[in-house]
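Structure file my_file37.cif with mmCIF, C-alpha atoms (C1' of nucleotides):
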data_structure
#
loop_
_atom_site.label_atom_id
_atom_site.label_comp_id
_atom_site.auth_asym_id
_atom_site.auth_seq_id
_atom_site.Cartn_x
_atom_site.Cartn_y
_atom_site.Cartn_z
CA MET X 21 3.08 -22.56 -11.60
CA VAL X 22 6.17 -20.49 -10.93
CA ARG X 23 9.50 -19.97 -12.59
CA TRP X 24 12.54 -20.61 -10.43
CA PRO X 25 14.61 -18.76 -9.44
CA SER X 26 13.42 -15.72 -11.36
CA GLU X 27 10.07 -15.66 -9.62
CA ARG X 28 11.41 -16.60 -6.22
CA GLN X 29 9.45 -13.88 -4.49
CA TRP X 30 6.17 -15.09 -5.77
CA ARG X 31 7.04 -18.62 -4.82
CA ASP X 32 7.81 -17.53 -1.28
CA ALA X 33 4.52 -15.72 -1.10
CA LEU X 34 2.60 -18.80 -2.22
CA ALA X 35 4.53 -20.94 0.21
CA GLY X 36 3.72 -18.51 2.98
CA GLN X 37 0.03 -18.90 2.44
CA GLY X 38 0.13 -22.62 1.91
CA THR X 39 -0.80 -22.71 -1.75
CA PRO X 40 0.42 -25.66 -3.80
CA ARG X 41 2.98 -24.71 -6.41
CA LEU X 42 4.95 -26.28 -9.23
CA LEU X 43 8.33 -24.75 -9.97
CA LEU X 44 9.67 -24.56 -13.48
CA VAL X 45 13.37 -24.76 -12.81
CA GLU X 46 15.31 -22.69 -15.28
CA GLU X 47 18.39 -23.76 -17.14
CA GLY X 48 21.37 -24.26 -14.85
CA ALA X 49 19.48 -23.55 -11.65
CA THR X 50 19.02 -26.04 -8.85
CA PRO X 51 15.64 -26.56 -7.25
CA PRO X 52 15.31 -25.13 -3.73
CA ASP X 53 14.69 -27.04 -0.55
CA PRO X 54 10.93 -27.40 -0.29
CA PRO X 55 9.46 -25.54 2.70
CA ASP X 56 6.47 -27.86 2.87
CA CYS X 57 4.80 -30.74 1.10
CA LEU X 58 2.95 -28.66 -1.43
CA GLU X 59 5.85 -27.96 -3.71
CA ASP X 60 7.28 -29.88 -6.60
CA TRP X 61 9.42 -28.94 -9.55
CA ILE X 62 10.13 -29.88 -13.12
CA ARG X 63 12.85 -28.94 -15.53
CA PRO X 64 11.46 -27.95 -18.91
CA PRO X 65 11.11 -29.16 -21.54
CA VAL X 66 8.88 -31.86 -20.25
CA ALA X 67 6.07 -34.00 -21.56
CA GLN X 68 2.54 -32.79 -21.06
CA ALA X 69 1.65 -36.01 -19.29
CA GLU X 70 4.48 -35.60 -16.83
CA LEU X 71 3.36 -32.09 -16.03
CA GLU X 72 -0.20 -33.18 -15.43
CA ALA X 73 0.86 -36.07 -13.29
CA ARG X 74 2.94 -33.88 -11.04
CA THR X 75 0.26 -31.25 -10.78
CA GLU X 76 -2.21 -33.88 -9.78
CA ALA X 77 0.19 -35.27 -7.21
CA ILE X 78 0.66 -32.00 -5.36
CA VAL X 79 -3.01 -31.22 -5.44
CA SER X 80 -3.67 -34.63 -4.04
CA ARG X 81 -1.13 -34.05 -1.30
CA ALA X 82 -2.69 -30.69 -0.58
CA SER X 83 -5.98 -32.32 0.23
CA LEU X 84 -4.21 -34.67 2.63
CA HIS X 85 -2.77 -31.64 4.31
CA ARG X 86 -5.90 -29.80 5.28
CA HIS X 87 -5.49 -30.51 8.93
CA LEU X 88 -5.83 -27.08 10.36
CA ALA X 89 -8.42 -25.70 8.02
CA ARG X 90 -9.22 -23.03 10.54
CA PRO X 91 -6.88 -21.15 12.78
CA GLU X 92 -6.69 -22.02 16.44
CA LEU X 93 -5.58 -19.96 19.40
CA ASP X 94 -4.26 -21.64 22.50
CA GLU X 95 -4.41 -20.25 26.01
CA ASP X 96 -0.86 -18.99 25.79
CA GLY X 97 -1.62 -16.68 22.94
CA ILE X 98 -0.17 -18.76 20.15
CA LEU X 99 -2.12 -18.71 16.96
CA ARG X 100 -1.70 -21.83 14.84
CA PHE X 101 -2.77 -22.14 11.25
CA ARG X 102 -1.57 -24.72 8.78
CA THR X 103 2.09 -25.01 9.65
CA ALA X 104 2.48 -21.50 11.00
CA ARG X 105 2.77 -20.49 14.63
CA VAL X 106 2.28 -16.85 15.49
CA PRO X 107 2.74 -15.59 19.02
CA LEU X 108 0.30 -12.84 19.93
CA ALA X 109 0.52 -10.15 22.58
CA PRO X 110 -2.11 -10.24 25.34
CA VAL X 111 -4.47 -7.62 23.95
CA GLU X 112 -4.09 -8.96 20.45
CA ALA X 113 -4.76 -12.46 21.64
CA ARG X 114 -8.06 -11.46 23.24
CA VAL X 115 -9.17 -9.55 20.19
CA THR X 116 -8.22 -12.47 18.00
CA ALA X 117 -10.13 -14.87 20.18
CA ALA X 118 -13.24 -12.79 19.62
CA LEU X 119 -12.65 -12.82 15.87
CA LEU X 120 -12.16 -16.57 15.90
CA GLU X 121 -15.43 -17.18 17.70
CA HIS X 122 -17.07 -15.83 14.60
CA PHE X 123 -14.58 -16.96 12.01
CA GLU X 124 -15.44 -15.59 8.58
CA ALA X 125 -18.24 -13.53 10.07
CA VAL X 126 -18.40 -9.90 11.07
CA VAL X 127 -17.59 -8.88 14.63
CA SER X 128 -18.51 -5.38 15.69
CA ARG X 129 -15.98 -2.89 16.95
CA THR X 130 -17.71 -2.68 20.28
CA ALA X 131 -17.59 -6.45 20.69
CA LEU X 132 -13.89 -6.45 19.86
CA THR X 133 -13.29 -3.64 22.29
CA ARG X 134 -15.07 -5.47 25.05
CA ALA X 135 -13.05 -8.58 24.29
CA GLY X 136 -9.75 -6.77 24.18
CA TRP X 137 -10.24 -4.66 27.28
CA PRO X 138 -12.38 -6.40 29.89
CA GLY X 139 -11.99 -3.43 32.20
CA GLU X 140 -12.17 0.07 30.84
CA ALA X 141 -11.62 0.64 27.19
CA PRO X 142 -9.00 3.06 25.90
CA LYS X 143 -9.74 5.57 23.15
CA ARG X 144 -11.35 4.57 19.94
CA ASN X 145 -8.16 4.57 17.96
CA ALA X 146 -6.50 1.93 20.11
CA LEU X 147 -8.54 -0.81 18.51
CA ASP X 148 -7.70 0.42 15.02
CA VAL X 149 -4.04 0.27 15.82
CA HIS X 150 -4.29 -3.23 17.19
CA VAL X 151 -6.12 -4.38 14.12
CA LEU X 152 -3.37 -2.91 12.01
CA ARG X 153 -0.76 -4.75 14.04
CA LEU X 154 -2.72 -7.97 13.94
CA ARG X 155 -2.97 -7.75 10.19
CA ARG X 156 0.77 -7.51 9.90
CA ARG X 157 1.36 -10.39 12.20
CA MET X 158 -1.12 -12.68 10.57
CA ALA X 159 -0.25 -11.92 6.99
CA PRO X 160 2.71 -14.29 6.89
CA ALA X 161 0.48 -17.04 8.24
CA GLY X 162 -2.00 -16.56 5.43
CA LEU X 163 -4.75 -14.87 7.40
CA SER X 164 -6.28 -11.48 6.88
CA ILE X 165 -8.74 -9.19 8.58
CA ARG X 166 -11.26 -7.55 6.32
CA THR X 167 -13.01 -4.32 7.15
CA VAL X 168 -16.75 -4.08 6.87
CA ARG X 169 -17.29 -0.41 7.01
CA SER X 170 -19.26 0.89 9.94
CA ARG X 171 -20.06 -2.67 10.99
CA GLY X 172 -16.85 -4.24 12.16
CA TYR X 173 -14.14 -6.64 11.10
CA LEU X 174 -14.01 -10.15 9.76
CA LEU X 175 -11.22 -12.70 10.01
CA GLU X 176 -10.64 -14.87 6.98
CA VAL X 177 -8.07 -16.88 5.07
CA ALA X 178 -6.06 -14.58 2.86
CA THR X 179 -6.95 -14.79 -0.78
CA ASN X 180 -4.59 -14.51 -3.63
CA ASP X 181 -5.95 -11.50 -5.47
CA LEU X 182 -3.76 -8.47 -5.94
CA MET O 9 14.21 -46.67 -4.39
CA VAL O 10 11.53 -48.81 -5.97
CA ARG O 11 10.56 -49.78 -9.48
CA TRP O 12 7.03 -49.01 -10.49
CA PRO O 13 4.80 -50.81 -11.19
CA SER O 14 6.79 -54.04 -11.08
CA GLU O 15 7.63 -53.67 -7.42
CA ARG O 16 4.28 -52.28 -6.39
CA GLN O 17 4.03 -54.58 -3.45
CA TRP O 18 7.22 -53.42 -1.92
CA ARG O 19 6.22 -49.84 -2.46
CA ASP O 20 2.95 -50.42 -0.67
CA ALA O 21 4.80 -51.97 2.21
CA LEU O 22 7.13 -49.02 2.52
CA ALA O 23 4.22 -46.64 2.30
CA GLY O 24 2.47 -48.57 4.99
CA GLN O 25 5.29 -48.05 7.40
CA GLY O 26 5.88 -44.44 6.43
CA THR O 27 9.28 -44.82 4.83
CA PRO O 28 10.29 -42.28 2.21
CA ARG O 29 10.53 -43.78 -1.28
CA LEU O 30 11.46 -42.77 -4.79
CA LEU O 31 9.72 -44.61 -7.61
CA LEU O 32 11.47 -45.39 -10.85
CA VAL O 33 8.57 -45.32 -13.24
CA GLU O 34 9.02 -47.83 -16.02
CA GLU O 35 8.46 -47.23 -19.68
CA GLY O 36 4.83 -46.62 -20.50
CA ALA O 37 3.59 -46.73 -16.93
CA THR O 38 1.99 -43.82 -15.16
CA PRO O 39 3.01 -42.85 -11.67
CA PRO O 40 0.49 -43.71 -8.98
CA ASP O 41 -1.37 -41.28 -6.78
CA PRO O 42 0.88 -40.68 -3.80
CA PRO O 43 -0.54 -42.03 -0.55
CA ASP O 44 1.41 -39.52 1.53
CA CYS O 45 4.05 -36.82 1.27
CA LEU O 46 7.03 -39.11 1.34
CA GLU O 47 6.82 -40.36 -2.19
CA ASP O 48 8.19 -38.97 -5.40
CA TRP O 49 8.96 -40.46 -8.76
CA ILE O 50 11.25 -40.10 -11.73
CA ARG O 51 11.23 -41.54 -15.19
CA PRO O 52 14.60 -42.94 -16.19
CA PRO O 53 16.89 -42.11 -17.77
CA VAL O 54 17.57 -39.11 -15.65
CA ALA O 55 20.58 -37.01 -14.71
CA GLN O 56 22.43 -37.88 -11.55
CA ALA O 57 21.89 -34.38 -10.19
CA GLU O 58 18.16 -34.64 -10.69
CA LEU O 59 18.05 -37.88 -8.83
CA GLU O 60 19.98 -36.48 -5.91
CA ALA O 61 17.87 -33.38 -5.77
CA ARG O 62 14.67 -35.37 -5.57
CA THR O 63 16.06 -37.72 -2.99
CA GLU O 64 17.08 -34.78 -0.89
CA ALA O 65 13.67 -33.22 -1.26
CA ILE O 66 11.77 -36.22 0.06
CA VAL O 67 14.17 -36.67 2.91
CA SER O 68 13.75 -33.05 3.77
CA ARG O 69 9.98 -33.43 3.66
CA ALA O 70 10.26 -36.48 5.82
CA SER O 71 11.91 -34.45 8.52
CA LEU O 72 9.18 -31.84 8.29
CA HIS O 73 6.73 -34.62 8.76
CA ARG O 74 8.05 -35.96 11.96
CA HIS O 75 5.64 -34.20 14.25
CA LEU O 76 6.20 -37.24 16.35
CA ALA O 77 9.96 -37.16 16.23
CA ARG O 78 10.87 -35.03 19.21
CA PRO O 79 14.17 -34.41 20.85
CA GLU O 80 14.91 -36.65 23.80
CA LEU O 81 16.84 -36.12 26.97
CA ASP O 82 18.31 -39.03 28.85
CA GLU O 83 19.00 -39.10 32.57
CA ASP O 84 22.66 -38.29 32.01
CA GLY O 85 21.81 -34.95 30.54
CA ILE O 86 22.44 -35.83 26.94
CA LEU O 87 20.04 -34.29 24.50
CA ARG O 88 19.52 -36.24 21.30
CA PHE O 89 17.82 -35.00 18.19
CA ARG O 90 18.14 -36.39 14.68
CA THR O 91 21.80 -37.56 14.79
CA ALA O 92 22.96 -34.78 17.08
CA ARG O 93 24.01 -35.32 20.66
CA VAL O 94 24.38 -32.37 22.96
CA PRO O 95 25.64 -32.75 26.52
CA LEU O 96 23.89 -30.40 28.94
CA ALA O 97 24.94 -29.11 32.32
CA PRO O 98 22.74 -30.05 35.30
CA VAL O 99 20.70 -26.86 35.52
CA GLU O 100 20.33 -26.68 31.77
CA ALA O 101 19.23 -30.28 31.63
CA ARG O 102 16.44 -29.70 34.13
CA VAL O 103 15.24 -26.61 32.33
CA THR O 104 15.35 -28.46 29.04
CA ALA O 105 13.38 -31.34 30.47
CA ALA O 106 10.63 -28.91 31.39
CA LEU O 107 10.65 -27.49 27.88
CA LEU O 108 10.48 -30.96 26.40
CA GLU O 109 7.44 -31.88 28.44
CA HIS O 110 5.61 -29.24 26.49
CA PHE O 111 7.42 -29.45 23.20
CA GLU O 112 6.27 -26.74 20.80
CA ALA O 113 4.15 -25.20 23.50
CA VAL O 114 4.77 -22.36 25.87
CA VAL O 115 6.36 -22.96 29.26
CA SER O 116 6.23 -20.07 31.70
CA ARG O 117 9.33 -18.59 33.25
CA THR O 118 8.16 -19.56 36.69
CA ALA O 119 7.67 -23.16 35.62
CA LEU O 120 11.15 -23.20 34.13
CA THR O 121 12.57 -21.68 37.26
CA ARG O 122 10.92 -24.29 39.43
CA ALA O 123 12.24 -27.00 37.17
CA GLY O 124 15.76 -25.67 37.11
CA TRP O 125 16.08 -24.92 40.81
CA PRO O 126 14.04 -27.31 42.93
CA GLY O 127 15.25 -25.57 46.08
CA GLU O 128 15.47 -21.81 46.19
CA ALA O 129 15.43 -19.85 43.02
CA PRO O 130 18.19 -17.42 42.09
CA LYS O 131 17.52 -13.96 40.66
CA ARG O 132 15.46 -13.33 37.61
CA ASN O 133 18.36 -12.98 35.25
CA ALA O 134 19.82 -16.39 35.99
CA LEU O 135 17.14 -18.04 33.92
CA ASP O 136 17.70 -15.63 31.05
CA VAL O 137 21.35 -16.44 31.00
CA HIS O 138 20.69 -20.16 30.99
CA VAL O 139 18.25 -19.77 28.16
CA LEU O 140 20.90 -17.85 26.28
CA ARG O 141 23.42 -20.60 26.90
CA LEU O 142 20.94 -23.28 25.98
CA ARG O 143 20.18 -21.54 22.73
CA ARG O 144 23.81 -21.58 21.78
CA ARG O 145 24.17 -25.21 22.63
CA MET O 146 21.09 -26.36 20.82
CA ALA O 147 21.46 -24.27 17.70
CA PRO O 148 23.89 -26.69 16.04
CA ALA O 149 21.46 -29.52 16.72
CA GLY O 150 18.68 -27.74 14.87
CA LEU O 151 16.64 -26.74 17.87
CA SER O 152 15.69 -23.29 18.97
CA ILE O 153 14.02 -21.66 21.91
CA ARG O 154 11.49 -19.05 21.02
CA THR O 155 10.55 -16.24 23.34
CA VAL O 156 6.87 -15.62 23.87
CA ARG O 157 6.99 -12.28 25.51
CA SER O 158 5.55 -12.04 28.97
CA ARG O 159 4.44 -15.67 28.77
CA GLY O 160 7.52 -17.82 28.64
CA TYR O 161 9.57 -19.82 26.21
CA LEU O 162 8.84 -22.46 23.62
CA LEU O 163 11.16 -25.16 22.33
CA GLU O 164 10.86 -25.95 18.65
CA VAL O 165 12.66 -27.26 15.63
CA ALA O 166 14.69 -24.47 14.11
CA THR O 167 13.31 -23.07 10.90
CA ASN O 168 15.40 -21.72 8.11
CA ASP O 169 13.88 -18.30 7.66
CA LEU O 170 16.03 -15.30 7.17
"C1'" DG T 1 -19.92 15.72 -10.38
"C1'" DT T 2 -18.24 18.59 -5.98
"C1'" DG T 3 -17.82 19.01 -1.31
"C1'" DC T 4 -18.11 17.40 3.15
"C1'" DC T 5 -18.70 14.21 7.05
"C1'" DT T 6 -17.46 10.13 9.24
"C1'" DG T 7 -15.09 6.01 9.71
"C1'" DA T 8 -10.61 3.66 8.76
"C1'" DT T 9 -5.70 3.43 7.94
"C1'" DT T 10 -1.25 4.51 8.92
"C1'" DC T 11 2.73 6.87 11.11
"C1'" DA T 12 5.50 8.74 14.60
"C1'" DC T 13 6.20 9.15 19.34
"C1'" DA T 14 6.40 8.09 24.36
"C1'" DC T 15 7.17 4.81 28.08
"C1'" DA T 16 7.42 1.02 30.92
"C1'" DG T 17 8.56 -3.50 31.33
"C1'" DA T 18 10.58 -7.73 29.44
"C1'" DC T 19 14.60 -9.64 27.26
"C1'" DG T 20 19.35 -10.31 25.62
"C1'" DA T 21 24.26 -10.06 25.85
"C1'" DA T 22 28.63 -9.46 27.71
"C1'" DA T 23 31.80 -9.55 31.34
"C1'" DC T 24 33.26 -10.95 36.04
"C1'" DG T 25 34.38 -13.90 39.78
"C1'" DG T 26 33.84 -17.76 42.46
"C1'" DA T 27 32.76 -22.77 42.95
"C1'" DA T 28 32.90 -27.30 41.27
"C1'" DT T 29 34.90 -30.87 38.37
"C1'" DG T 30 38.12 -33.88 36.40
"C1'" DC S 20 45.78 -26.71 37.05
"C1'" DA S 21 42.54 -26.04 33.17
"C1'" DT S 22 37.80 -26.38 32.24
"C1'" DT S 23 33.30 -26.04 32.89
"C1'" DC S 24 29.47 -24.49 35.47
"C1'" DC S 25 26.66 -20.86 37.38
"C1'" DG S 26 24.90 -16.67 39.59
"C1'" DT S 27 25.20 -11.58 39.46
"C1'" DT S 28 25.47 -6.94 37.77
"C1'" DT S 29 25.09 -3.77 34.21
"C1'" DC S 30 23.50 -1.83 30.25
"C1'" DG S 31 21.56 -1.78 25.82
"C1'" DT S 32 17.66 -3.31 22.88
"C1'" DC S 33 13.21 -4.79 21.65
"C1'" DT S 34 8.13 -5.24 22.37
"C1'" DG S 35 3.57 -4.08 23.85
"C1'" DT S 36 0.57 -0.56 24.31
"C1'" DG S 37 -1.83 3.90 24.06
"C1'" DT S 38 -2.16 8.62 21.99
"C1'" DG S 39 -2.43 12.32 18.59
"C1'" DA S 40 -2.25 13.82 14.00
"C1'" DA S 41 -2.19 13.38 8.92
"C1'" DT S 42 -4.20 10.87 5.17
"C1'" DC S 43 -7.48 8.06 2.76
"C1'" DA S 44 -11.94 6.29 1.30
"C1'" DG S 45 -16.92 5.61 0.99
"C1'" DG S 46 -21.32 7.62 0.90
"C1'" DC S 47 -24.66 11.29 1.11
"C1'" DA S 48 -26.41 16.01 0.16
"C1'" DC S 49 -26.42 19.40 -2.98
#

Whole structure, C-alpha cells version:
Amino acid sequence: MVRWPSERQWRDALAGQGTPRLLLVEEGATPPDPPDCLEDWIRPPVAQAELEARTEAIVSRASLHRHLARPELDEDGILRFRTARVPLAPVEARVTAALLEHFEAVVSRTALTRAGWPGEAPKRNALDVHVLRLRRRMAPAGLSIRTVRSRGYLLEVATNDL
Amino acid sequence: MVRWPSERQWRDALAGQGTPRLLLVEEGATPPDPPDCLEDWIRPPVAQAELEARTEAIVSRASLHRHLARPELDEDGILRFRTARVPLAPVEARVTAALLEHFEAVVSRTALTRAGWPGEAPKRNALDVHVLRLRRRMAPAGLSIRTVRSRGYLLEVATNDL
DNA sequence: GTGCCTGATTCACACAGACGAAACGGAATG
DNA sequence: CATTCCGTTTCGTCTGTGTGAATCAGGCAC
C-alpha cells in the first residue's frame, strides 16, 4: 500500500521487483500508467469493503502471474525473470549459469571460477568484481546474490527488507 | 463496459475471448474475482476522470499482455504494429524480417548480415548504420532494437523507462 | 572487550574491442 | 530534378574485463 505520488520511489521499487501494490492516489493527483498487472489504485476516502475487494483482486492476479517463478538464462546470455530481461556479458553469463544450476543454494567460489573461466582463471579478485557487477545488473530484475562467508554465493529472489 | 451482476453472461463471454472489460458494479453487489488481468470495476456514480483513467489502465495492461501480438512485415516492406505502419527500404526490410523471426530474442550480426545481403556482404559498419536507421524508423511505432554486446541485436516492444 | 587475520566489498584505472553517430558522395527511384 | 537509398570513412563513446589498493566485516585468540 503506497501513497501516490508522494511515495513514487517506493512504488517504483516494488514494481521493479514484481510485488503487488495498491496506490492511494492523493487529492488532485492522477494515477500513473501501470507498469504491470499487479498495480491498482484507489482514491481515498473509500469504503473498507472496496479496499478489501481491490486488494484481493490484485493478489489474485498476482497468483495468475507466477509464470517465471525462477529465472532463466538462454544461450545468448539473456536472463529472464518475471517480466524483466537482462543481457549479461559472457563471463557473467557463465557465472550466472552456475548459480542457476543451484538456485537458492550455495555455490563455492572455486565452482564459480571454474564456470566463469573454463581455461585459466585470473586472480582471485576477478570473481569478486564480477559478483559485484552481477549484483548491480540483477537488482532491477528483483534478484540478488547473497554471500555465505568462506563458503560461496547463493542466488535468490530479492527480499523486501531494508 | 458491462453491468455486474445483471450482465454476467456477457462478461463471461468477453472474458472467454480475452477482451478487456470494465464492470459497473450495481448497488449492493460485490465485484467478482477477476479471471484475468483485463478486467476492472467501478461502482457508480463515479467521476468521468476516474472512469477514463481506469479504462486507460486496462487498455494499457491489455497491450502489455499481448505476448502474442507481434509486429508483422508484409512482402511490400511495410511493417505494421498496433495501428502504426512503417514503410521500410529493401535492405532494412530484410534485416527486419530476420529480427522478427526471433522476436524478443537475440539475432547475431552475422545472421543479420546474411539476411540483409544475400550476395556479398558490405563492410562491418554498413549493418550498424542500417540498425541506426531502423531504430529511428521504428521508434515512433513503439518498437526498439536492443544491442546485446558481442552477441547481436534483439527486437522488442519499446519500454517507457527513463 | 581489543587486536588481528582473512575473506569480501568497493573503487579507480587501464585497455582493447564493439558500437554509435554524423557526414559525404554516388546510385537508384519516381 | 528532388528524394530516398545505401555503403564508406572517421571519430568519439561505451562496455567488458582484469588488476591493485583501500575499506569493511566476521570470527578467533588473547

Starting from the PyMOL selection byres ((chain T) within 9 of (chain X)), expand the selection into actual residues of this file and give them as a PDB file with C-alpha atoms (C1' of nucleotides), keeping the file's coordinate frame.
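Output saved as expr_16.pdb:
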ATOM      1  C1'  DG T   7     -15.090   6.010   9.710  1.00  0.00           C
ATOM      2  C1'  DA T   8     -10.610   3.660   8.760  1.00  0.00           C
ATOM      3  C1'  DT T   9      -5.700   3.430   7.940  1.00  0.00           C
ATOM      4  C1'  DT T  10      -1.250   4.510   8.920  1.00  0.00           C
TER       5       DT T  10
END

Selection dump of the PyMOL selection byres ((chain S) within 12 of (chain O)), as a list in words: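 For this structure, the PyMOL selection byres ((chain S) within 12 of (chain O)) captures DT23, DC24, DC25, DG26, DT27, DT28, DT29, DC33, DT34 and DG35 of chain S.
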
Output C-alpha atoms (C1' of nucleotides) of each residue in that selection to a file, as a PDB file, keeping the file's coordinate frame.
ATOM      1  C1'  DT S  23      33.300 -26.040  32.890  1.00  0.00           C
ATOM      2  C1'  DC S  24      29.470 -24.490  35.470  1.00  0.00           C
ATOM      3  C1'  DC S  25      26.660 -20.860  37.380  1.00  0.00           C
ATOM      4  C1'  DG S  26      24.900 -16.670  39.590  1.00  0.00           C
ATOM      5  C1'  DT S  27      25.200 -11.580  39.460  1.00  0.00           C
ATOM      6  C1'  DT S  28      25.470  -6.940  37.770  1.00  0.00           C
ATOM      7  C1'  DT S  29      25.090  -3.770  34.210  1.00  0.00           C
ATOM      8  C1'  DC S  33      13.210  -4.790  21.650  1.00  0.00           C
ATOM      9  C1'  DT S  34       8.130  -5.240  22.370  1.00  0.00           C
ATOM     10  C1'  DG S  35       3.570  -4.080  23.850  1.00  0.00           C
TER      11       DG S  35
END

Give me the segment 45-125 of chain O side of the contact with segment 43-64 of chain X, cut-off 8 Å, one line per residue showing its nearest atom pair and distance in Å at one decimal, counting only C-alpha atoms, sorted by chain and residue number, as CSV.
residue,atom,partner,partner_atom,distance
O:Cys45,CA,X:Cys57,CA,6.1
O:Ala61,CA,X:Pro51,CA,7.3
O:Ala65,CA,X:Asp53,CA,6.3
O:Ser68,CA,X:Asp53,CA,7.5
O:Arg69,CA,X:Cys57,CA,6.4
O:Leu72,CA,X:Asp56,CA,7.2

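Shortest separation to chain O among X:Asp96, X:Glu27, X:Glu112, X:Glu124 occurs at residue X:Asp96, atoms counted being all atoms listed in the file.
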
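Separating atom C1' of DA18 of chain T from atom CA of Arg156 of chain X is a distance of 21.9 Å.
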
Length of the atom CA of Thr104 of chain O to atom C1' of DG30 of chain T vector [Å]: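 Result for atom CA of Thr104 of chain O versus atom C1' of DG30 of chain T: 24.5 Å, one decimal.
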
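Across the structure, atom CA of Ala92 of chain O and atom C1' of DA28 of chain T are spaced 27.2 Å apart.
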
Within-12 Å shell of (-3.6, 14.4, 13.2) in input frame, all atoms listed in the file, as an NGL selection string: (:X and (145)) or (:T and (10-12)) or (:S and (38-42))

Given only C-alpha atoms as the counted atoms, nearest of X:Met21, X:Ala161, X:Val106, X:Val168 to chain O: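 Counting only C-alpha atoms, the residue closest to chain O is X:Val106.
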
Cα RMSD of chain X after least-squares fit onto chain O, all atoms paired in order: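 C-alpha RMSD after least-squares superposition: 11.0 Å.
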
Among listed residues O:Pro95, O:Arg141, O:Met146, O:Thr63, nearest chain X (using all atoms listed in the file):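 Using all atoms listed in the file, chain X sits closest to O:Thr63.
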